[in-house]
Each structure stands twice: as C-alpha cells, then as structure tokens.
>>> print(open('entry.csv').read())   # CSV, C-alpha atoms and all ligand atoms
chain,number,residue,atom,x,y,z
A,1,MET,CA,9.5,-7.7,-16.5
A,2,LYS,CA,6.5,-6.7,-14.4
A,3,ASN,CA,7.3,-3.5,-12.5
A,4,ILE,CA,5.8,-2.8,-9.1
A,5,VAL,CA,5.5,0.9,-8.2
A,6,ILE,CA,4.8,1.4,-4.4
A,7,LEU,CA,3.3,4.6,-3.2
A,8,ILE,CA,4.0,5.7,0.4
A,9,SER,CA,3.5,8.7,2.7
A,10,GLY,CA,5.5,7.8,5.8
A,11,GLY,CA,7.4,5.0,7.5
A,12,GLY,CA,7.1,2.6,4.6
A,13,SER,CA,7.4,-0.5,6.7
A,14,ASN,CA,4.9,-2.4,4.4
A,15,MET,CA,7.0,-1.3,1.4
A,16,ALA,CA,10.1,-2.5,3.1
A,17,ALA,CA,8.4,-5.9,3.9
A,18,ILE,CA,7.4,-6.2,0.2
A,19,VAL,CA,11.0,-5.4,-1.0
A,20,LYS,CA,12.5,-7.9,1.5
A,21,THR,CA,10.0,-10.7,0.5
A,22,ALA,CA,10.6,-10.1,-3.2
A,23,LYS,CA,14.3,-10.6,-2.6
A,24,ARG,CA,13.9,-13.6,-0.3
A,25,ASP,CA,11.4,-15.3,-2.6
A,26,GLY,CA,13.2,-14.5,-5.8
A,27,TRP,CA,10.3,-12.6,-7.5
A,28,HIS,CA,12.7,-11.4,-10.2
A,29,ASP,CA,13.4,-14.9,-11.5
A,30,LYS,CA,10.4,-16.8,-10.4
A,31,LEU,CA,7.6,-14.3,-11.1
A,32,GLY,CA,9.3,-11.9,-13.5
A,33,ALA,CA,8.6,-9.0,-11.2
A,34,ARG,CA,10.5,-6.4,-9.3
A,35,VAL,CA,9.9,-3.4,-7.1
A,36,ALA,CA,11.0,-0.7,-9.6
A,37,ALA,CA,10.0,2.5,-7.9
A,38,VAL,CA,8.8,4.1,-4.6
A,39,ILE,CA,6.9,7.4,-4.9
A,40,SER,CA,6.0,9.5,-1.9
A,41,ASN,CA,3.8,12.6,-1.6
A,42,LYS,CA,6.0,13.7,1.3
A,43,ALA,CA,9.7,14.5,1.0
A,44,THR,CA,10.2,13.5,4.7
A,45,ALA,CA,8.8,10.0,4.3
A,46,GLN,CA,11.2,7.7,6.1
A,47,GLY,CA,10.6,4.9,3.6
A,48,LEU,CA,12.4,6.8,0.9
A,49,VAL,CA,15.7,6.2,2.7
A,50,PHE,CA,15.1,2.4,2.8
A,51,ALA,CA,14.2,2.4,-0.9
A,52,GLN,CA,17.3,4.4,-1.9
A,53,GLU,CA,19.5,2.1,0.2
A,54,HIS,CA,18.1,-0.8,-1.7
A,55,GLY,CA,18.8,0.7,-5.1
A,56,ILE,CA,15.2,1.4,-5.9
A,57,ALA,CA,14.2,4.5,-7.9
A,58,THR,CA,12.5,7.1,-5.7
A,59,GLU,CA,10.5,10.2,-6.5
A,60,VAL,CA,8.8,12.8,-4.4
A,61,LEU,CA,5.6,14.5,-5.6
A,62,ASP,CA,4.5,17.0,-3.0
A,63,HIS,CA,0.7,17.2,-3.3
A,64,LYS,CA,0.8,20.7,-1.7
A,65,THR,CA,2.5,22.1,-4.8
A,66,PHE,CA,-0.4,21.1,-7.1
A,67,ALA,CA,-3.5,23.3,-7.7
A,68,SER,CA,-6.0,20.4,-7.5
A,69,ARG,CA,-6.4,16.7,-6.7
A,70,GLU,CA,-6.7,16.0,-10.4
A,71,ALA,CA,-3.5,17.9,-11.2
A,72,PHE,CA,-1.6,15.9,-8.6
A,73,ASP,CA,-3.1,12.6,-9.7
A,74,ALA,CA,-2.1,13.4,-13.3
A,75,ALA,CA,1.5,14.0,-12.3
A,76,LEU,CA,1.4,10.9,-10.3
A,77,SER,CA,0.1,8.9,-13.2
A,78,GLN,CA,2.9,10.3,-15.4
A,79,ALA,CA,5.5,9.2,-12.9
A,80,ILE,CA,3.9,5.7,-12.5
A,81,ASP,CA,3.5,5.1,-16.2
A,82,CYS,CA,7.2,5.5,-16.8
A,83,PHE,CA,7.5,2.0,-15.3
A,84,ASP,CA,5.1,0.4,-17.8
A,85,GLU,CA,6.9,-2.1,-20.0
A,86,PRO,CA,5.5,-3.2,-23.4
A,87,GLY,CA,2.5,-5.4,-22.7
A,88,GLN,CA,3.3,-5.2,-19.0
A,89,PRO,CA,1.6,-2.3,-17.2
A,90,ALA,CA,3.0,-1.6,-13.8
A,91,LEU,CA,1.3,-2.9,-10.7
A,92,VAL,CA,0.5,0.0,-8.3
A,93,VAL,CA,0.7,-0.7,-4.6
A,94,LEU,CA,-0.6,1.7,-2.0
A,95,ALA,CA,1.4,1.2,1.2
A,96,GLY,CA,0.4,3.8,3.7
A,97,PHE,CA,-0.3,6.3,1.0
A,98,MET,CA,-2.5,8.8,2.8
A,99,ARG,CA,-4.2,10.4,-0.2
A,100,ILE,CA,-7.7,10.1,-1.5
A,101,LEU,CA,-7.4,9.3,-5.2
A,102,SER,CA,-9.6,10.9,-7.9
A,103,PRO,CA,-12.1,8.6,-9.7
A,104,GLY,CA,-10.1,9.1,-13.0
A,105,PHE,CA,-6.9,7.8,-11.3
A,106,VAL,CA,-8.7,4.8,-9.9
A,107,ALA,CA,-10.3,3.9,-13.2
A,108,ARG,CA,-7.0,4.2,-15.0
A,109,TYR,CA,-5.4,1.6,-12.8
A,110,ALA,CA,-8.4,-0.7,-12.4
A,111,GLY,CA,-7.4,-4.2,-11.6
A,112,ARG,CA,-3.8,-3.3,-10.9
A,113,LEU,CA,-4.2,-0.9,-8.0
A,114,LEU,CA,-3.9,-2.5,-4.5
A,115,ASN,CA,-4.3,-1.1,-1.0
A,116,ILE,CA,-3.7,-2.3,2.5
A,117,HIS,CA,-6.1,-1.0,5.2
A,118,PRO,CA,-5.6,-1.5,8.9
A,119,SER,CA,-9.0,-3.0,9.7
A,120,LEU,CA,-11.1,-6.0,8.9
A,121,LEU,CA,-13.0,-4.4,6.0
A,122,PRO,CA,-15.8,-3.7,5.6
A,123,ALA,CA,-15.5,-2.7,9.3
A,124,PHE,CA,-13.9,0.6,10.0
A,125,PRO,CA,-13.1,2.2,6.6
A,126,GLY,CA,-11.3,5.6,7.0
A,127,LEU,CA,-9.1,6.8,9.7
A,128,HIS,CA,-8.4,5.9,13.4
A,129,THR,CA,-9.2,2.2,12.8
A,130,HIS,CA,-7.5,0.8,15.9
A,131,GLN,CA,-9.1,3.2,18.4
A,132,ARG,CA,-12.5,2.6,16.8
A,133,ALA,CA,-12.1,-1.1,17.1
A,134,ILE,CA,-11.1,-0.8,20.8
A,135,ASP,CA,-13.9,1.7,21.5
A,136,ALA,CA,-16.4,-0.7,19.8
A,137,GLY,CA,-15.3,-3.5,22.1
A,138,CYS,CA,-14.1,-5.7,19.2
A,139,ARG,CA,-12.4,-8.9,20.2
A,140,LEU,CA,-10.7,-9.1,16.8
A,141,ALA,CA,-9.0,-6.5,14.7
A,142,GLY,CA,-6.8,-6.9,11.6
A,143,ALA,CA,-5.9,-5.8,8.2
A,144,THR,CA,-7.2,-6.1,4.6
A,145,VAL,CA,-5.5,-6.1,1.3
A,146,HIS,CA,-7.9,-5.2,-1.5
A,147,GLN,CA,-8.3,-4.0,-5.0
A,148,VAL,CA,-9.0,-0.3,-5.1
A,149,THR,CA,-12.3,0.9,-6.5
A,150,ALA,CA,-13.9,4.3,-6.6
A,151,GLU,CA,-15.3,4.0,-3.0
A,152,LEU,CA,-12.8,4.7,-0.3
A,153,ASP,CA,-11.5,1.5,1.5
A,154,HIS,CA,-13.8,-0.8,-0.6
A,155,GLY,CA,-13.1,-3.2,-3.4
A,156,PRO,CA,-12.6,-6.9,-3.8
A,157,ILE,CA,-10.7,-8.4,-0.9
A,158,LEU,CA,-7.5,-10.3,-1.7
A,159,ALA,CA,-6.3,-11.1,1.8
A,160,GLN,CA,-7.1,-10.5,5.5
A,161,ALA,CA,-5.4,-11.3,8.8
A,162,ALA,CA,-7.0,-11.1,12.2
A,163,VAL,CA,-5.4,-10.5,15.5
A,164,PRO,CA,-6.9,-10.4,19.0
A,165,VAL,CA,-7.7,-7.2,20.8
A,166,LEU,CA,-6.2,-7.7,24.2
A,167,PRO,CA,-7.4,-6.2,27.5
A,168,GLY,CA,-5.5,-2.9,28.1
A,169,ASP,CA,-4.7,-2.5,24.4
A,170,THR,CA,-4.0,1.1,23.3
A,171,HIS,CA,-4.0,2.4,19.7
A,172,ASP,CA,-0.3,1.8,19.7
A,173,THR,CA,-0.2,-1.7,21.0
A,174,LEU,CA,-3.0,-2.8,18.7
A,175,ALA,CA,-1.5,-1.0,15.7
A,176,ALA,CA,1.9,-2.8,16.2
A,177,ARG,CA,0.2,-6.2,16.4
A,178,VAL,CA,-1.8,-5.5,13.2
A,179,LEU,CA,1.3,-4.1,11.4
A,180,THR,CA,3.2,-7.4,12.0
A,181,GLN,CA,0.4,-9.2,10.1
A,182,GLU,CA,0.2,-6.5,7.4
A,183,HIS,CA,3.9,-7.2,6.6
A,184,LEU,CA,3.0,-10.9,5.9
A,185,ILE,CA,-0.3,-10.6,4.0
A,186,TYR,CA,0.6,-7.8,1.6
A,187,ALA,CA,3.5,-9.5,0.1
A,188,GLN,CA,1.7,-12.8,-0.1
A,189,ALA,CA,-1.3,-11.2,-1.9
A,190,ILE,CA,1.0,-9.5,-4.4
A,191,ALA,CA,2.8,-12.7,-5.1
A,192,GLN,CA,-0.5,-14.5,-5.7
A,193,LEU,CA,-1.7,-11.8,-8.0
A,194,LEU,CA,1.6,-12.0,-10.0
A,195,GLN,CA,1.2,-15.7,-10.4
A,196,LYS,CA,-2.1,-15.4,-12.1
B,1,LIG,C1,-0.3,0.9,7.8
B,1,LIG,O1,-0.8,0.4,9.0
B,1,LIG,C2,-1.3,0.9,6.7
B,1,LIG,O2,-2.3,-0.2,6.8
B,1,LIG,C3,-2.0,2.2,6.9
B,1,LIG,O3,-1.0,3.1,7.2
B,1,LIG,C4,0.1,2.3,7.8
B,1,LIG,C5,1.3,2.6,7.0
B,1,LIG,O4,2.5,2.1,7.7
B,1,LIG,N1,-2.8,2.6,5.8
B,1,LIG,C6,-3.9,3.3,5.9
B,1,LIG,O5,-4.4,3.7,7.0
B,1,LIG,C7,-4.5,3.6,4.6
B,1,LIG,N2,-5.9,4.0,4.8
B,1,LIG,P1,3.8,1.9,6.8
B,1,LIG,O6,4.1,3.3,6.2
B,1,LIG,O7,4.8,1.6,7.9
B,1,LIG,O8,3.7,0.8,5.8
>>> encode(input="entry.csv", output="structure tokens")
Amino acid sequence: MKNIVILISGGGSNMAAIVKTAKRDGWHDKLGARVAAVISNKATAQGLVFAQEHGIATEVLDHKTFASREAFDAALSQAIDCFDEPGQPALVVLAGFMRILSPGFVARYAGRLLNIHPSLLPAFPGLHTHQRAIDAGCRLAGATVHQVTAELDHGPILAQAAVPVLPGDTHDTLAARVLTQEHLIYAQAIAQLLQK
C-alpha cells in the first residue's frame, strides 16, 4: 500500500478534496494508495477535524516549539517516515502548508513531494498571488501542482488550471474561483503520479 501523507496549516479544503476523490475513485483498490495521515503545524487547523471525522491519523507539530527550522523539519520527517511501507515510501502532499522547508527536507523527499500553489507558475511565486494577479491586470489566473525543489514555488509542473479574472474581482472572489479548480487538479495529478 502506498501511503499519502498530507501536510496542512489551515482550512484543508484541498486535503478534503483529495480524500473525497480517493474514496470516490477507489484509489485503495485501483491504485493501491490511501490517505494515511494528515499533519498540521497548527493545532487550530480546521482540516484536522475533517481528517479525524474520516478516520485518518492526524498529528500536530507546532513549529513554534522547535529551536530551528531544521529541528522542526527533522521532527516532521520522523512523523512522515512512520508511514513508509517496505519498498513503498510515502507520497508527501503539501496542501496549504505554509512553511518554507529546509533544503535537507526537500532533498530527502525528492520526486515524492508535491505542492499546490495558487497561481499560474512561474508567475507569482510567494504570497498574495490573487491580489498580485489583479494588480498586474492579468486576464487569467489559476493554480499549479508541481514537484517541490529547493527553490520556493518552483519545480516540474504536473498540472495547471486557468480561470478568468473578471471585472470587479477582489482577492476573495478570485481566490474562491481558483480554489474550485485546485480541488480538481490536485487529486487528478496525484492519481496520475500513482499510476506511473
Ligand atoms: C490554497 O489556495 C493553496 O493553493 C494555498 O493555500 C490555500 C490552502 O487552502 N497554498 C499556498 O499559498 C502555498 N504557497 P486549503 O487549506 O483550503 O487547501
């Protein structure tokens, strides 16, 4: 069984979409994969409730209680690696996980560490992507699923979805339109990767 470990910091709607798609599409039987755990760096992350209600193991690792980024990442690695199975290392899925990861962490999970970013990369890496797209006068915005590499919000692109930026859009209206697409493309990209 291939275990998927999802890292969140907040609402967890992408995580919930992945869990629902995995169930609907029978990933367990068809792809030999399951969402095994959800780990949050915030105890208040709403997504933890959804995960618990769906019988998924949850863990909170509060980054503020660690002396350094490296110490936090080491503890995170330990928690993730519990879900490796013989010959089947876990797939690590960042879903609104708002932490910069150390180079050592990224190297350890090379090729099996995915992220979703709310812009059409390589445009608008970093924060405030929707407002920046509006301010730049973009006619299209969107989201990108990519492999994580050492450079923030870079790495091979696995999937993208574009949505229009409409007159009068605010950060919130655009974010909601993009999020709907995120929920589709993240699960699709994971399923494609699991089929390889
Ligand atoms: C999503 O829009 C995701 O793309 C973004 O945070 C939101 C999390 O929502 N991620 C980043 O900005 C990472 N740089 P969710 O918790 O409801 O899935």
>>> residues_near_ligand(input="entry.csv", ligand="ligand LIG 1 (chain B)", cutoff="10 Å", atoms="all atoms listed in the file", output="PyMOL selection string")
chain A and resi 7-18+45-47+94-100+115-119+125-130+142-145+152-153+175-183+186
>>> closest_residue(input="entry.csv", among="A:Phe50, A:Phe105, A:Phe124, A:Trp27", to="A:Ala75", atoms="all atoms listed in the file")
A:Phe105
>>> residues_near_point(input="entry.csv", point="(-9.8, 5.9, -13.4)", cutoff="12 Å", atoms="only C-alpha atoms", output="MDAnalysis selection string")
chainID A and resid 70 73:74 77 101:113 148:151
>>> residues_near_point(input="entry.csv", point="(10.2, 13.9, -2.3)", cutoff="8 Å", atoms="all atoms listed in the file", output="list of chain:residue names")
A:Ile39, A:Ser40, A:Asn41, A:Lys42, A:Ala43, A:Thr44, A:Ala45, A:Thr58, A:Glu59, A:Val60, A:Leu61, A:Asp62
>>> residues_around(input="entry.csv", residues="stretch 162-164 of chain A", least_positions_apart="6", cutoff="6 Å", atoms="only C-alpha atoms", output="list of chain:residue names")
A:Arg139, A:Leu140, A:Ala141, A:Gly142
>>> write_last_selection(input="entry.csv", atoms="C-alpha atoms", output="PDB file, in the frame of the given file")
ATOM      1  CA  ARG A 139     -12.400  -8.900  20.200  1.00  0.00           C
ATOM      2  CA  LEU A 140     -10.700  -9.100  16.800  1.00  0.00           C
ATOM      3  CA  ALA A 141      -9.000  -6.500  14.700  1.00  0.00           C
ATOM      4  CA  GLY A 142      -6.800  -6.900  11.600  1.00  0.00           C
TER       5      GLY A 142
END
>>> axis_aligned_box(input="entry.csv", around="stretch 166-170 of chain A", padding_each_side="4 Å", output="JSON")
{"center_x": -5.7, "center_y": -3.3, "center_z": 25.7, "size_x": 11.4, "size_y": 16.8, "size_z": 12.8}
>>> closest_residue(input="entry.csv", among="A:Thr173, A:Val93, A:Thr65, A:Leu76", to="A:Ile6", atoms="all atoms listed in the file")
A:Val93
>>> atom_distance(input="entry.csv", atom1="atom CA of A:Pro89", atom2="atom CA of A:Val49")
25.8 Å
>>> decode(input="entry.csv", residues="stretch 57-79 of chain A", atoms="N, CA and C atoms", output="PDB file, in the first residue's frame")
ATOM      1  N   ALA A  57      -5.391   9.263  10.433  1.00  0.00           N
ATOM      2  CA  ALA A  57      -4.487   9.624  11.540  1.00  0.00           C
ATOM      3  C   ALA A  57      -4.094  11.089  11.419  1.00  0.00           C
ATOM      4  N   THR A  58      -4.100  11.806  12.526  1.00  0.00           N
ATOM      5  CA  THR A  58      -3.684  13.216  12.498  1.00  0.00           C
ATOM      6  C   THR A  58      -2.577  13.442  13.515  1.00  0.00           C
ATOM      7  N   GLU A  59      -1.778  14.445  13.220  1.00  0.00           N
ATOM      8  CA  GLU A  59      -0.711  14.808  14.151  1.00  0.00           C
ATOM      9  C   GLU A  59      -0.485  16.311  14.032  1.00  0.00           C
ATOM     10  N   VAL A  60      -0.212  16.943  15.175  1.00  0.00           N
ATOM     11  CA  VAL A  60       0.130  18.368  15.190  1.00  0.00           C
ATOM     12  C   VAL A  60       1.577  18.491  15.628  1.00  0.00           C
ATOM     13  N   LEU A  61       2.349  19.208  14.820  1.00  0.00           N
ATOM     14  CA  LEU A  61       3.722  19.545  15.192  1.00  0.00           C
ATOM     15  C   LEU A  61       3.821  21.056  15.113  1.00  0.00           C
ATOM     16  N   ASP A  62       3.795  21.703  16.261  1.00  0.00           N
ATOM     17  CA  ASP A  62       3.795  23.167  16.286  1.00  0.00           C
ATOM     18  C   ASP A  62       5.218  23.677  16.049  1.00  0.00           C
ATOM     19  N   HIS A  63       5.420  24.341  14.919  1.00  0.00           N
ATOM     20  CA  HIS A  63       6.785  24.772  14.569  1.00  0.00           C
ATOM     21  C   HIS A  63       7.358  25.739  15.610  1.00  0.00           C
ATOM     22  N   LYS A  64       6.446  26.425  16.348  1.00  0.00           N
ATOM     23  CA  LYS A  64       6.941  27.424  17.320  1.00  0.00           C
ATOM     24  C   LYS A  64       7.644  26.763  18.498  1.00  0.00           C
ATOM     25  N   THR A  65       7.435  25.475  18.681  1.00  0.00           N
ATOM     26  CA  THR A  65       8.060  24.792  19.822  1.00  0.00           C
ATOM     27  C   THR A  65       9.425  24.206  19.468  1.00  0.00           C
ATOM     28  N   PHE A  66       9.901  24.479  18.254  1.00  0.00           N
ATOM     29  CA  PHE A  66      11.218  23.959  17.843  1.00  0.00           C
ATOM     30  C   PHE A  66      12.221  25.102  17.756  1.00  0.00           C
ATOM     31  N   ALA A  67      13.474  24.788  18.068  1.00  0.00           N
ATOM     32  CA  ALA A  67      14.507  25.819  18.152  1.00  0.00           C
ATOM     33  C   ALA A  67      14.910  26.339  16.772  1.00  0.00           C
ATOM     34  N   SER A  68      14.755  25.517  15.745  1.00  0.00           N
ATOM     35  CA  SER A  68      15.202  25.944  14.416  1.00  0.00           C
ATOM     36  C   SER A  68      14.335  25.289  13.354  1.00  0.00           C
ATOM     37  N   ARG A  69      14.437  25.820  12.149  1.00  0.00           N
ATOM     38  CA  ARG A  69      13.718  25.227  11.007  1.00  0.00           C
ATOM     39  C   ARG A  69      14.153  23.777  10.821  1.00  0.00           C
ATOM     40  N   GLU A  70      15.463  23.543  10.979  1.00  0.00           N
ATOM     41  CA  GLU A  70      15.991  22.199  10.762  1.00  0.00           C
ATOM     42  C   GLU A  70      15.435  21.224  11.805  1.00  0.00           C
ATOM     43  N   ALA A  71      15.318  21.706  13.044  1.00  0.00           N
ATOM     44  CA  ALA A  71      14.795  20.828  14.110  1.00  0.00           C
ATOM     45  C   ALA A  71      13.334  20.477  13.846  1.00  0.00           C
ATOM     46  N   PHE A  72      12.569  21.476  13.402  1.00  0.00           N
ATOM     47  CA  PHE A  72      11.165  21.202  13.062  1.00  0.00           C
ATOM     48  C   PHE A  72      11.082  20.216  11.899  1.00  0.00           C
ATOM     49  N   ASP A  73      11.881  20.462  10.870  1.00  0.00           N
ATOM     50  CA  ASP A  73      11.826  19.594   9.685  1.00  0.00           C
ATOM     51  C   ASP A  73      12.250  18.165  10.028  1.00  0.00           C
ATOM     52  N   ALA A  74      13.190  18.031  10.969  1.00  0.00           N
ATOM     53  CA  ALA A  74      13.623  16.686  11.370  1.00  0.00           C
ATOM     54  C   ALA A  74      12.469  15.952  12.054  1.00  0.00           C
ATOM     55  N   ALA A  75      11.754  16.656  12.920  1.00  0.00           N
ATOM     56  CA  ALA A  75      10.609  16.034  13.600  1.00  0.00           C
ATOM     57  C   ALA A  75       9.511  15.701  12.591  1.00  0.00           C
ATOM     58  N   LEU A  76       9.329  16.599  11.631  1.00  0.00           N
ATOM     59  CA  LEU A  76       8.321  16.363  10.594  1.00  0.00           C
ATOM     60  C   LEU A  76       8.681  15.115   9.784  1.00  0.00           C
ATOM     61  N   SER A  77       9.948  14.992   9.429  1.00  0.00           N
ATOM     62  CA  SER A  77      10.408  13.819   8.683  1.00  0.00           C
ATOM     63  C   SER A  77      10.132  12.536   9.469  1.00  0.00           C
ATOM     64  N   GLN A  78      10.419  12.592  10.764  1.00  0.00           N
ATOM     65  CA  GLN A  78      10.183  11.400  11.593  1.00  0.00           C
ATOM     66  C   GLN A  78       8.718  10.997  11.552  1.00  0.00           C
ATOM     67  N   ALA A  79       7.848  12.006  11.648  1.00  0.00           N
ATOM     68  CA  ALA A  79       6.410  11.726  11.645  1.00  0.00           C
ATOM     69  C   ALA A  79       5.973  11.158  10.295  1.00  0.00           C
TER      70      ALA A  79
END
